[in-house]
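**Student:** Structure file run_15.txt (compact mmCIF, C-alpha atoms and all ligand atoms) right here:
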```txt
# COMPACT_ATOMS: atom_id res chain seq x y z
CA MET N 1152 -6.72 5.20 20.20
CA ARG N 1153 -6.17 5.32 16.42
CA ARG N 1154 -4.95 8.92 16.61
CA LEU N 1155 -2.65 8.16 19.54
CA LEU N 1156 -1.04 5.21 17.74
CA LEU N 1157 -0.58 7.28 14.60
CA ARG N 1158 1.00 10.05 16.67
CA LEU N 1159 3.41 7.50 18.18
CA ALA N 1160 4.22 6.33 14.64
CA ASP N 1161 6.26 9.55 14.30
CA ARG N 1162 8.56 8.54 17.23
CA PRO N 1163 11.20 6.22 15.77
CA ARG N 1164 13.02 6.01 19.14
CA LEU N 1165 10.04 4.11 20.51
CA GLY N 1166 10.55 1.68 17.61
CA ALA N 1167 14.19 1.20 18.57
CA ALA N 1168 13.10 0.35 22.13
CA MET N 1169 10.39 -2.04 20.89
CA ASP N 1170 12.94 -3.73 18.63
CA ARG N 1171 14.85 -4.87 21.72
CA VAL N 1172 11.85 -6.93 22.89
CA ALA N 1173 11.80 -10.42 21.36
CA LEU N 1174 8.01 -10.69 21.59
CA THR N 1175 7.51 -7.45 19.63
CA ARG N 1176 9.91 -8.68 16.98
CA ARG N 1177 7.90 -11.90 16.66
CA PHE N 1178 4.64 -9.94 16.46
CA VAL N 1179 6.05 -7.63 13.79
CA ARG N 1180 6.78 -10.74 11.70
CA ARG N 1181 3.00 -11.21 11.35
CA PHE N 1182 2.94 -8.16 9.08
CA VAL N 1183 6.52 -7.93 7.79
CA ALA N 1184 8.21 -10.74 5.83
CA GLY N 1185 11.59 -10.18 7.49
CA ARG N 1186 14.59 -7.88 7.46
CA GLN N 1187 16.22 -8.91 4.20
CA ALA N 1188 15.14 -8.93 0.55
CA SER N 1189 15.72 -12.69 0.61
CA ASP N 1190 12.99 -13.02 3.30
CA ALA N 1191 10.54 -11.16 1.04
CA LEU N 1192 11.54 -13.18 -2.03
CA ALA N 1193 10.79 -16.43 -0.16
CA VAL N 1194 7.27 -15.17 0.67
CA LEU N 1195 6.73 -13.86 -2.88
CA GLY N 1196 7.74 -17.27 -4.27
CA ALA N 1197 5.27 -19.04 -1.97
CA LEU N 1198 2.44 -16.67 -3.00
CA ASP N 1199 3.27 -17.25 -6.64
CA ALA N 1200 3.19 -21.01 -6.13
CA ASP N 1201 -0.27 -20.52 -4.58
CA GLY N 1202 -1.50 -18.82 -7.76
CA LEU N 1203 -1.48 -15.29 -6.32
CA THR N 1204 0.17 -12.17 -7.68
CA SER N 1205 2.06 -9.89 -5.32
CA ALA N 1206 3.70 -6.54 -4.68
CA VAL N 1207 6.82 -5.89 -2.63
CA THR N 1208 7.75 -2.92 -0.46
CA CYS N 1209 11.12 -2.20 1.09
CA LEU N 1210 10.09 -0.39 4.28
CA GLY N 1211 11.37 3.14 4.74
CA GLU N 1212 10.16 6.71 4.33
CA ASN N 1213 11.27 10.33 4.70
CA VAL N 1214 14.96 9.63 4.22
CA ARG N 1215 17.19 12.50 5.32
CA VAL N 1216 20.35 11.98 3.26
CA PRO N 1217 20.82 11.14 -0.44
CA ALA N 1218 22.81 8.02 0.46
CA ASP N 1219 19.70 6.48 2.05
CA ALA N 1220 17.62 7.28 -1.05
CA GLU N 1221 20.34 5.68 -3.17
CA ARG N 1222 20.33 2.57 -0.95
CA ALA N 1223 16.54 2.27 -1.33
CA THR N 1224 16.83 2.65 -5.11
CA GLU N 1225 19.53 -0.03 -5.30
CA THR N 1226 17.36 -2.35 -3.21
CA TYR N 1227 14.47 -1.98 -5.67
CA LEU N 1228 16.82 -2.51 -8.65
CA GLY N 1229 18.16 -5.69 -7.02
CA LEU N 1230 14.62 -6.88 -6.28
CA LEU N 1231 13.59 -6.32 -9.89
CA ASP N 1232 16.56 -8.38 -11.10
CA ALA N 1233 15.50 -11.20 -8.77
CA ILE N 1234 11.84 -10.86 -9.86
CA GLY N 1235 12.97 -11.20 -13.49
CA ARG N 1236 15.25 -14.19 -12.82
CA ARG N 1237 12.59 -16.02 -10.79
CA LYS N 1238 9.76 -14.99 -13.15
CA LEU N 1239 7.65 -13.81 -10.22
CA ARG N 1240 4.35 -12.00 -10.88
CA THR N 1241 5.38 -9.19 -8.54
CA THR N 1242 5.48 -5.40 -8.77
CA PRO N 1243 7.45 -3.05 -6.52
CA SER N 1244 5.27 -0.67 -4.49
CA LEU N 1245 7.36 2.23 -3.21
CA LYS N 1246 7.21 5.52 -1.37
CA LEU N 1247 8.55 8.66 -3.03
CA THR N 1248 9.94 9.96 0.29
CA HIS N 1249 11.98 6.74 0.48
CA LEU N 1250 13.52 7.66 -2.89
CA GLY N 1251 14.36 11.15 -1.60
CA LEU N 1252 11.34 13.39 -2.32
CA ASP N 1253 12.01 15.48 0.82
CA LEU N 1254 15.57 16.12 -0.43
CA GLY N 1255 14.49 17.45 -3.82
CA GLU N 1256 12.16 16.39 -6.60
CA GLY N 1257 15.02 16.02 -9.09
CA LEU N 1258 16.80 13.43 -6.95
CA CYS N 1259 13.58 11.51 -6.42
CA VAL N 1260 12.64 11.54 -10.12
CA ASP N 1261 16.16 10.34 -11.08
CA ASN N 1262 15.88 7.44 -8.65
CA LEU N 1263 12.32 6.61 -9.67
CA THR N 1264 13.25 6.73 -13.37
CA ARG N 1265 15.95 4.11 -12.81
CA VAL N 1266 13.51 1.81 -11.02
CA VAL N 1267 10.81 2.34 -13.65
CA ALA N 1268 13.25 1.60 -16.50
CA ARG N 1269 14.38 -1.64 -14.82
CA ALA N 1270 10.74 -2.64 -14.21
CA ARG N 1271 9.96 -2.09 -17.88
CA ALA N 1272 12.90 -4.32 -18.84
CA VAL N 1273 11.61 -7.02 -16.49
CA GLY N 1274 8.02 -6.59 -17.77
CA THR N 1275 6.35 -5.49 -14.57
CA ARG N 1276 4.65 -2.39 -13.11
CA VAL N 1277 5.79 0.00 -10.41
CA TRP N 1278 3.16 1.22 -7.96
CA ILE N 1279 3.77 4.57 -6.19
CA ASP N 1280 2.26 4.45 -2.66
CA MET N 1281 0.41 7.46 -1.28
CA GLU N 1282 1.76 9.02 1.92
CA SER N 1283 0.30 11.73 4.19
CA SER N 1284 -1.72 14.61 2.69
CA ARG N 1285 1.39 16.80 2.53
CA TYR N 1286 2.50 14.61 -0.37
CA THR N 1287 -0.81 14.14 -2.22
CA GLU N 1288 -0.37 17.00 -4.67
CA PRO N 1289 3.35 16.50 -5.44
CA THR N 1290 2.86 12.74 -5.82
CA LEU N 1291 -0.08 13.07 -8.23
CA ASP N 1292 1.66 15.86 -10.19
CA LEU N 1293 4.76 13.73 -10.57
CA TYR N 1294 2.64 10.74 -11.58
CA ALA N 1295 0.75 12.79 -14.19
CA ARG N 1296 4.08 13.93 -15.67
CA LEU N 1297 5.70 10.50 -15.83
CA ARG N 1298 2.71 8.35 -16.70
CA PRO N 1299 2.36 9.19 -20.45
CA ALA N 1300 5.83 7.78 -21.18
CA ASN N 1301 5.44 5.01 -18.58
CA PRO N 1302 2.14 3.16 -18.92
CA HIS N 1303 3.37 0.56 -16.42
CA LEU N 1304 3.40 3.15 -13.59
CA GLY N 1305 0.57 3.09 -11.02
CA CYS N 1306 -0.44 5.45 -8.22
CA VAL N 1307 -2.70 5.44 -5.17
CA VAL N 1308 -5.64 7.50 -3.92
CA GLN N 1309 -7.10 7.51 -0.41
CA ALA N 1310 -10.88 7.40 0.11
CA TYR N 1311 -10.65 9.28 3.44
CA LEU N 1312 -9.46 12.51 1.76
CA ARG N 1313 -12.23 14.92 0.82
CA ARG N 1314 -10.32 15.90 -2.33
CA THR N 1315 -10.12 12.39 -3.78
CA PRO N 1316 -13.21 12.47 -6.08
CA ALA N 1317 -11.53 15.32 -8.02
CA ASP N 1318 -8.18 13.44 -8.06
CA VAL N 1319 -9.93 10.35 -9.39
CA GLU N 1320 -11.41 12.37 -12.28
CA ARG N 1321 -7.90 13.63 -13.11
CA LEU N 1322 -6.57 10.06 -13.05
CA ILE N 1323 -9.43 8.76 -15.20
CA ALA N 1324 -8.58 11.39 -17.83
CA LEU N 1325 -5.02 9.97 -17.80
CA GLY N 1326 -6.27 6.37 -18.16
CA ALA N 1327 -4.32 5.65 -14.98
CA THR N 1328 -3.38 2.49 -13.16
CA VAL N 1329 -4.71 3.34 -9.73
CA ARG N 1330 -4.98 1.70 -6.32
CA LEU N 1331 -7.88 2.80 -4.16
CA CYS N 1332 -7.28 2.46 -0.40
CA LYS N 1333 -9.02 3.95 2.65
CA GLY N 1334 -5.92 5.85 3.89
CA ALA N 1335 -3.62 5.11 6.81
CA TYR N 1336 -2.27 8.45 8.14
CA ARG N 1337 -3.29 10.96 10.84
CA GLU N 1338 -5.11 13.76 9.01
CA PRO N 1339 -7.10 16.80 10.18
CA ALA N 1340 -10.90 16.66 9.81
CA ALA N 1341 -10.72 19.56 7.36
CA LEU N 1342 -8.91 17.27 4.92
CA ALA N 1343 -10.13 13.76 5.75
CA TYR N 1344 -13.39 12.22 6.99
CA PRO N 1345 -12.92 11.44 10.68
CA ASP N 1346 -15.85 9.01 10.76
CA LYS N 1347 -15.18 5.48 9.46
CA ARG N 1348 -18.71 5.24 8.00
CA ASP N 1349 -18.01 8.25 5.79
CA VAL N 1350 -14.69 6.74 4.67
CA ASP N 1351 -16.39 3.45 3.77
CA ALA N 1352 -19.15 5.28 1.86
CA SER N 1353 -16.55 7.34 0.01
CA TYR N 1354 -14.64 4.15 -0.86
CA ALA N 1355 -17.81 2.55 -2.27
CA ARG N 1356 -18.57 5.62 -4.43
CA LEU N 1357 -15.00 5.90 -5.73
CA ALA N 1358 -14.97 2.17 -6.58
CA GLU N 1359 -18.15 2.69 -8.62
CA ARG N 1360 -16.51 5.55 -10.49
CA LEU N 1361 -13.28 3.63 -11.19
CA LEU N 1362 -15.33 0.72 -12.56
CA ASP N 1363 -17.43 3.03 -14.73
CA PRO N 1364 -17.43 1.84 -18.38
CA ASP N 1365 -16.25 5.32 -19.37
CA ALA N 1366 -13.20 5.06 -17.04
CA LEU N 1367 -12.33 1.55 -18.26
CA ALA N 1368 -12.68 2.67 -21.89
CA ARG N 1369 -9.98 5.26 -21.20
CA GLY N 1370 -7.65 2.48 -20.06
CA VAL N 1371 -8.07 2.80 -16.28
CA TYR N 1372 -6.87 -0.30 -14.40
CA PRO N 1373 -8.07 -0.18 -10.77
CA GLY N 1374 -6.64 -2.09 -7.82
CA PHE N 1375 -9.00 -2.18 -4.83
CA ALA N 1376 -6.85 -2.34 -1.71
CA THR N 1377 -8.98 -3.39 1.22
CA HIS N 1378 -9.56 -6.25 3.65
CA ASP N 1379 -13.11 -5.05 4.17
CA GLU N 1380 -15.21 -7.99 2.96
CA ARG N 1381 -18.26 -5.78 2.44
CA LEU N 1382 -16.33 -3.50 0.08
CA GLN N 1383 -14.69 -6.45 -1.66
CA ARG N 1384 -18.20 -7.83 -2.29
CA HIS N 1385 -19.35 -4.40 -3.52
CA VAL N 1386 -16.50 -4.30 -6.07
CA ARG N 1387 -17.19 -7.84 -7.26
CA ARG N 1388 -20.92 -7.20 -7.53
CA LEU N 1389 -20.33 -4.04 -9.59
CA ALA N 1390 -17.97 -5.92 -11.89
CA ALA N 1391 -20.47 -8.75 -12.36
CA GLU N 1392 -23.41 -6.39 -13.00
CA ARG N 1393 -21.40 -4.40 -15.54
CA GLY N 1394 -19.94 -7.46 -17.26
CA ILE N 1395 -16.35 -6.38 -16.49
CA ALA N 1396 -13.79 -9.10 -17.23
CA ALA N 1397 -11.74 -10.43 -14.30
CA ASP N 1398 -8.49 -9.16 -15.83
CA ARG N 1399 -9.68 -5.50 -15.88
CA PHE N 1400 -9.28 -4.96 -12.10
CA GLU N 1401 -7.75 -6.53 -9.01
CA ILE N 1402 -8.23 -6.74 -5.26
CA GLN N 1403 -5.16 -6.06 -3.13
CA MET N 1404 -4.41 -7.08 0.45
CA LEU N 1405 -1.52 -6.73 2.88
CA TYR N 1406 0.66 -9.65 3.94
CA GLY N 1407 -0.49 -11.08 7.27
CA ILE N 1408 -3.99 -9.56 7.21
CA ARG N 1409 -7.00 -11.82 6.55
CA PRO N 1410 -4.96 -14.52 4.76
CA ASP N 1411 -8.06 -16.71 5.18
CA LEU N 1412 -9.64 -14.73 2.30
CA HIS N 1413 -6.86 -15.43 -0.21
CA ALA N 1414 -7.89 -18.89 -1.43
CA ARG N 1415 -11.58 -17.93 -1.40
CA LEU N 1416 -10.99 -14.93 -3.69
CA ARG N 1417 -8.57 -16.80 -5.94
CA ASP N 1418 -10.97 -19.75 -6.32
CA ALA N 1419 -13.77 -17.31 -7.19
CA GLY N 1420 -11.66 -16.12 -10.14
CA VAL N 1421 -10.71 -12.74 -8.62
CA ALA N 1422 -7.25 -11.35 -9.46
CA LEU N 1423 -5.72 -10.94 -5.99
CA ARG N 1424 -2.43 -9.19 -5.24
CA VAL N 1425 -0.78 -9.49 -1.81
CA LEU N 1426 1.60 -6.71 -0.80
CA VAL N 1427 4.65 -8.02 1.08
CA PRO N 1428 6.75 -5.53 3.10
CA PHE N 1429 10.24 -6.23 4.40
CA GLY N 1430 13.18 -4.34 5.87
CA GLU N 1431 14.74 -2.89 9.01
CA ASP N 1432 12.62 0.24 9.05
CA TRP N 1433 9.39 -1.50 10.09
CA TYR N 1434 8.25 0.87 12.85
CA GLY N 1435 6.01 3.41 10.98
CA TYR N 1436 4.39 0.66 8.91
CA PHE N 1437 3.78 -1.51 11.98
CA MET N 1438 2.22 1.35 13.99
CA ARG N 1439 -0.18 2.10 11.11
CA ARG N 1440 -1.26 -1.58 11.18
CA LEU N 1441 -1.80 -1.38 14.97
CA ALA N 1442 -3.83 1.80 14.53
CA GLU N 1443 -6.12 0.09 12.02
CA ARG N 1444 -7.10 -2.55 14.52
CA PRO N 1445 -6.72 -1.80 18.24
CA ALA N 1446 -7.28 -5.53 18.91
CA ASN N 1447 -3.71 -5.99 17.57
CA LEU N 1448 -2.42 -3.69 20.31
CA LEU N 1449 -4.40 -5.50 23.03
CA PHE N 1450 -3.00 -8.82 21.81
CA LEU N 1451 0.55 -7.46 21.96
CA LEU N 1452 0.07 -5.88 25.42
CA ARG N 1453 -1.55 -9.03 26.86
CA ASN N 1454 1.39 -11.13 25.71
CA LEU N 1455 3.94 -8.61 26.96
CA LEU N 1456 2.30 -8.60 30.42
CA ARG N 1457 2.24 -12.39 30.47
C1 LIG P 1 -2.38 -3.53 -0.80
C2 LIG P 1 -2.57 -2.33 0.07
C3 LIG P 1 -1.84 -1.17 -0.20
C4 LIG P 1 -2.02 -0.03 0.59
N1 LIG P 1 -1.36 1.12 0.27
C5 LIG P 1 -1.62 2.24 0.96
C6 LIG P 1 -1.06 3.48 0.57
O1 LIG P 1 -0.34 3.59 -0.43
N2 LIG P 1 -1.35 4.59 1.32
C7 LIG P 1 -2.18 4.52 2.43
O2 LIG P 1 -2.44 5.55 3.05
N3 LIG P 1 -2.70 3.34 2.83
C8 LIG P 1 -2.45 2.21 2.12
N4 LIG P 1 -3.02 1.03 2.53
C9 LIG P 1 -3.69 0.94 3.86
C10 LIG P 1 -5.16 1.32 3.78
O3 LIG P 1 -5.27 2.71 3.53
C11 LIG P 1 -5.90 0.97 5.08
O4 LIG P 1 -5.33 1.67 6.15
C12 LIG P 1 -5.89 -0.50 5.42
O5 LIG P 1 -6.06 -1.29 4.27
C13 LIG P 1 -7.05 -0.84 6.39
O6 LIG P 1 -8.27 -0.57 5.79
P1 LIG P 1 -9.25 -1.69 5.19
O7 LIG P 1 -9.66 -1.22 3.85
O8 LIG P 1 -8.61 -3.01 5.20
O9 LIG P 1 -10.56 -1.63 6.08
P2 LIG P 1 -10.82 -1.69 7.64
O10 LIG P 1 -12.24 -1.30 7.79
O11 LIG P 1 -9.79 -0.97 8.41
O12 LIG P 1 -10.65 -3.24 7.97
C14 LIG P 1 -11.54 -4.23 7.47
C15 LIG P 1 -11.20 -5.55 8.16
O13 LIG P 1 -9.88 -5.96 7.75
C16 LIG P 1 -9.16 -6.49 8.84
N5 LIG P 1 -8.00 -5.61 9.11
C17 LIG P 1 -7.77 -4.37 8.57
N6 LIG P 1 -6.60 -3.88 9.01
C18 LIG P 1 -6.09 -4.80 9.85
C19 LIG P 1 -4.89 -4.87 10.63
N7 LIG P 1 -4.00 -3.89 10.63
N8 LIG P 1 -4.67 -5.98 11.38
C20 LIG P 1 -5.56 -7.01 11.39
N9 LIG P 1 -6.72 -6.99 10.67
C21 LIG P 1 -6.98 -5.92 9.92
C22 LIG P 1 -10.11 -6.56 10.01
O14 LIG P 1 -10.75 -7.82 9.97
C23 LIG P 1 -11.10 -5.45 9.69
O15 LIG P 1 -12.36 -5.64 10.28
C24 LIG P 1 -2.90 -0.10 1.72
C25 LIG P 1 -3.64 -1.26 1.97
C26 LIG P 1 -3.50 -2.34 1.16
C27 LIG P 1 -4.35 -3.54 1.42
```
Mind converting the file's structure to structure tokens?
**Tutor:**
Amino acid sequence: MRRLLLRLADRPRLGAAMDRVALTRRFVRRFVAGRQASDALAVLGALDADGLTSAVTCLGENVRVPADAERATETYLGLLDAIGRRKLRTTPSLKLTHLGLDLGEGLCVDNLTRVVARARAVGTRVWIDMESSRYTEPTLDLYARLRPANPHLGCVVQAYLRRTPADVERLIALGATVRLCKGAYREPAALAYPDKRDVDASYARLAERLLDPDALARGVYPGFATHDERLQRHVRRLAAERGIAADRFEIQMLYGIRPDLHARLRDAGVALRVLVPFGEDWYGYFMRRLAERPANLLFLLRNLLR
């Protein structure tokens, strides 16, 4: 089922059809703040008032013309201005293919550099999301090049990829700001663990490495992106056993998923960041959320039939 949903995620015409159904649009709103930046800013403000930090993503990927990459860049610049004005504790989290990576690395780097410079002026980070395995190497290479001059730039690694332990060592040597997630794309077994138990075990091992005193001494700042309570407990236990201060790492979650955990984590003194997506181009993101939990699909189908 997961593979089928991820395969359908590459069919944007299906998204256009789903968009015509009011019930789907309502269901999408569980995971997506809305269509406009103003919708996201309202959610970010509410999270801030609740004592939570956040990240914001303008949905979109694999743009085909420079004008779309420019539009995405302008959206992030506008968001950063609003973040600065409203003094929100929010960082943009963006995809390089949204800024034009498929159209040429130079274009993408130019766009990213503008966003990174504005983020520095506002006093916040920029987190570069990780996309499918086709982009792992170019994304990490680009990150390694830009990071020395931009310590407020973060990147992401995916525990399901067999190559990730080596990537994590490279990032530790850089003293990187790094989000660890399980991974959300359809990948061949040669590159990614097909079995969820292996992915979870890999995540636990990589978390241990990122919280290693040697990694932290090099300046590594890890963000543990997961809704998996067992792994969240594992991270917190490691931090407690190793005497790691609460401001040396964070747990990250997606808007609309397990919001019941937010207050619990915050009240336990954990730095929690909630990533809030918004925008018209919700289809790929939404299908990846369905693929993570088939119960979401059953819920949607049951309501459609009714
Ligand atoms: C802040 C953040 C940033 C991310 N960035 C990236 C990225 O850059 N690249 C990338 O490939 N992936 C990214 N992901 C997605 C990630 O790779 C996983 O696909 C996703 O987090 C599901 O895995 P999990 O760790 O929550 O564990 P799972 O084992 O999948 O889920 C654990 C529990 O969380 C709940 N849950 C999880 N997903 C859902 C859902 N969709 N709907 C309802 N409940 C759910 C369920 O209760 C489930 O039992 C990100 C995730 C987060 C939280």
**Student:** Quick one: of N:Arg1444, N:Arg1237, N:Arg1313, N:Arg1356, who's nearest to ligand LIG 1 (chain P), counting all atoms listed in the file?
**Tutor:** N:Arg1444
**Student:** Identify, counting all atoms listed in the file, the protein, DNA and RNA residues located within 7 Å of ligand LIG 1 (chain P), and give them as a PDB file with C-alpha atoms, keeping the file's coordinate frame.
**Tutor:**
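File produced: selection.pdb:
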```
ATOM      1  CA  ASP N1280       2.260   4.450  -2.660  1.00  0.00           C
ATOM      2  CA  MET N1281       0.410   7.460  -1.280  1.00  0.00           C
ATOM      3  CA  GLU N1282       1.760   9.020   1.920  1.00  0.00           C
ATOM      4  CA  SER N1283       0.300  11.730   4.190  1.00  0.00           C
ATOM      5  CA  VAL N1307      -2.700   5.440  -5.170  1.00  0.00           C
ATOM      6  CA  GLN N1309      -7.100   7.510  -0.410  1.00  0.00           C
ATOM      7  CA  CYS N1332      -7.280   2.460  -0.400  1.00  0.00           C
ATOM      8  CA  LYS N1333      -9.020   3.950   2.650  1.00  0.00           C
ATOM      9  CA  GLY N1334      -5.920   5.850   3.890  1.00  0.00           C
ATOM     10  CA  ALA N1335      -3.620   5.110   6.810  1.00  0.00           C
ATOM     11  CA  TYR N1336      -2.270   8.450   8.140  1.00  0.00           C
ATOM     12  CA  ALA N1376      -6.850  -2.340  -1.710  1.00  0.00           C
ATOM     13  CA  THR N1377      -8.980  -3.390   1.220  1.00  0.00           C
ATOM     14  CA  HIS N1378      -9.560  -6.250   3.650  1.00  0.00           C
ATOM     15  CA  ASP N1379     -13.110  -5.050   4.170  1.00  0.00           C
ATOM     16  CA  GLU N1380     -15.210  -7.990   2.960  1.00  0.00           C
ATOM     17  CA  GLN N1403      -5.160  -6.060  -3.130  1.00  0.00           C
ATOM     18  CA  MET N1404      -4.410  -7.080   0.450  1.00  0.00           C
ATOM     19  CA  LEU N1405      -1.520  -6.730   2.880  1.00  0.00           C
ATOM     20  CA  ILE N1408      -3.990  -9.560   7.210  1.00  0.00           C
ATOM     21  CA  ARG N1409      -7.000 -11.820   6.550  1.00  0.00           C
ATOM     22  CA  VAL N1425      -0.780  -9.490  -1.810  1.00  0.00           C
ATOM     23  CA  LEU N1426       1.600  -6.710  -0.800  1.00  0.00           C
ATOM     24  CA  ARG N1440      -1.260  -1.580  11.180  1.00  0.00           C
ATOM     25  CA  LEU N1441      -1.800  -1.380  14.970  1.00  0.00           C
ATOM     26  CA  ALA N1442      -3.830   1.800  14.530  1.00  0.00           C
ATOM     27  CA  GLU N1443      -6.120   0.090  12.020  1.00  0.00           C
ATOM     28  CA  ARG N1444      -7.100  -2.550  14.520  1.00  0.00           C
ATOM     29  CA  ASN N1447      -3.710  -5.990  17.570  1.00  0.00           C
TER      30      ASN N1447
END
```
**Student:** Pick out the closest residue to N:Cys1209 from this set: N:Val1427, N:Leu1312, N:Leu1451, N:Met1152. Count only C-alpha atoms.
**Tutor:**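 Ranked by minimum distance to N:Cys1209, first place goes to N:Val1427.
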**Student:** One number please: atom CA of N:Leu1231 to atom CA of N:Val1421, in Å, one decimal.
**Tutor:** 25.2 Å
**Student:** Counting only C-alpha atoms, which of N:Leu1412, N:Ala1206, N:Glu1338, N:Glu1320 gets nearest to N:Arg1158?
**Tutor:** N:Glu1338
**Student:** Atom CA of N:Thr1275 and atom CA of N:Pro1364, how far apart in Å?
**Tutor:** 25.2 Å
**Student:** When you draw a straight line from atom CA of N:Val1266 to atom CA of N:Tyr1227, how long is it in Å?
**Tutor:**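 Spanning atom CA of N:Val1266 to atom CA of N:Tyr1227 is a straight-line distance of 6.6 Å.
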**Student:** When distances are computed from only C-alpha atoms, which of N:Ala1193, N:Val1350, N:Leu1203, N:Arg1269 shows the smallest separation from N:Ile1402?
**Tutor:**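 Closest residue, counting only C-alpha atoms: N:Leu1203.
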**Student:** Hey, which of N:Glu1225, N:Glu1212, N:Asp1190, N:Glu1359 ends up closest to N:Glu1392? Count all atoms listed in the file.
**Tutor:**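 Nearest candidate to N:Glu1392 out of N:Glu1225, N:Glu1212, N:Asp1190, N:Glu1359: N:Glu1359.
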**Student:** Between N:Ala1220, N:Met1438, N:Leu1239, N:Ala1341, which has the minimum distance to N:Gly1196 (counting all atoms listed in the file)?
**Tutor:**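 Going through N:Ala1220, N:Met1438, N:Leu1239, N:Ala1341 one by one, the smallest distance to N:Gly1196 is for N:Leu1239.
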**Student:** Which neighbours of N:Asp1365 fall inside 10 Å, counting all atoms listed in the file, when residues of the same chain fewer than 6 positions from it are skipped, and could you give them as a VMD selection string?
**Tutor:** chain N and resid 1323 to 1324 1371
**Student:** May I have the residues within 9 Å of N:Gly1305 as a PDB file with C-alpha atoms, in the coordinates of the input, using all atoms listed in the file and disregarding those fewer than 6 positions away in the same chain?
**Tutor:**
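Saved as around.pdb:
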```pdb
ATOM      1  CA  SER N1244       5.270  -0.670  -4.490  1.00  0.00           C
ATOM      2  CA  ARG N1276       4.650  -2.390 -13.110  1.00  0.00           C
ATOM      3  CA  VAL N1277       5.790   0.000 -10.410  1.00  0.00           C
ATOM      4  CA  TRP N1278       3.160   1.220  -7.960  1.00  0.00           C
ATOM      5  CA  ILE N1279       3.770   4.570  -6.190  1.00  0.00           C
ATOM      6  CA  ASP N1280       2.260   4.450  -2.660  1.00  0.00           C
ATOM      7  CA  TYR N1294       2.640  10.740 -11.580  1.00  0.00           C
ATOM      8  CA  ARG N1298       2.710   8.350 -16.700  1.00  0.00           C
ATOM      9  CA  ALA N1327      -4.320   5.650 -14.980  1.00  0.00           C
ATOM     10  CA  THR N1328      -3.380   2.490 -13.160  1.00  0.00           C
ATOM     11  CA  VAL N1329      -4.710   3.340  -9.730  1.00  0.00           C
ATOM     12  CA  ARG N1330      -4.980   1.700  -6.320  1.00  0.00           C
ATOM     13  CA  TYR N1372      -6.870  -0.300 -14.400  1.00  0.00           C
TER      14      TYR N1372
END
```
**Student:** Excluding same-chain residues fewer than 4 positions from N:Gly1166, what lies within 9 Å of it counting only C-alpha atoms, as a list in words?
**Tutor:**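 Counting only C-alpha atoms, the residues come to Ala1160, Arg1162, Asp1170, Arg1171, Asp1432, Trp1433, Tyr1434 and Gly1435 of chain N.
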**Student:** Counting only C-alpha atoms, which residues come within 12 Å of (11.5, -13.4, 1.7), with the point read in the file's coordinates, and could you list them as a PyMOL selection string?
**Tutor:** chain N and resi 1180+1183-1198+1207-1209+1230+1233-1234+1406+1427-1430
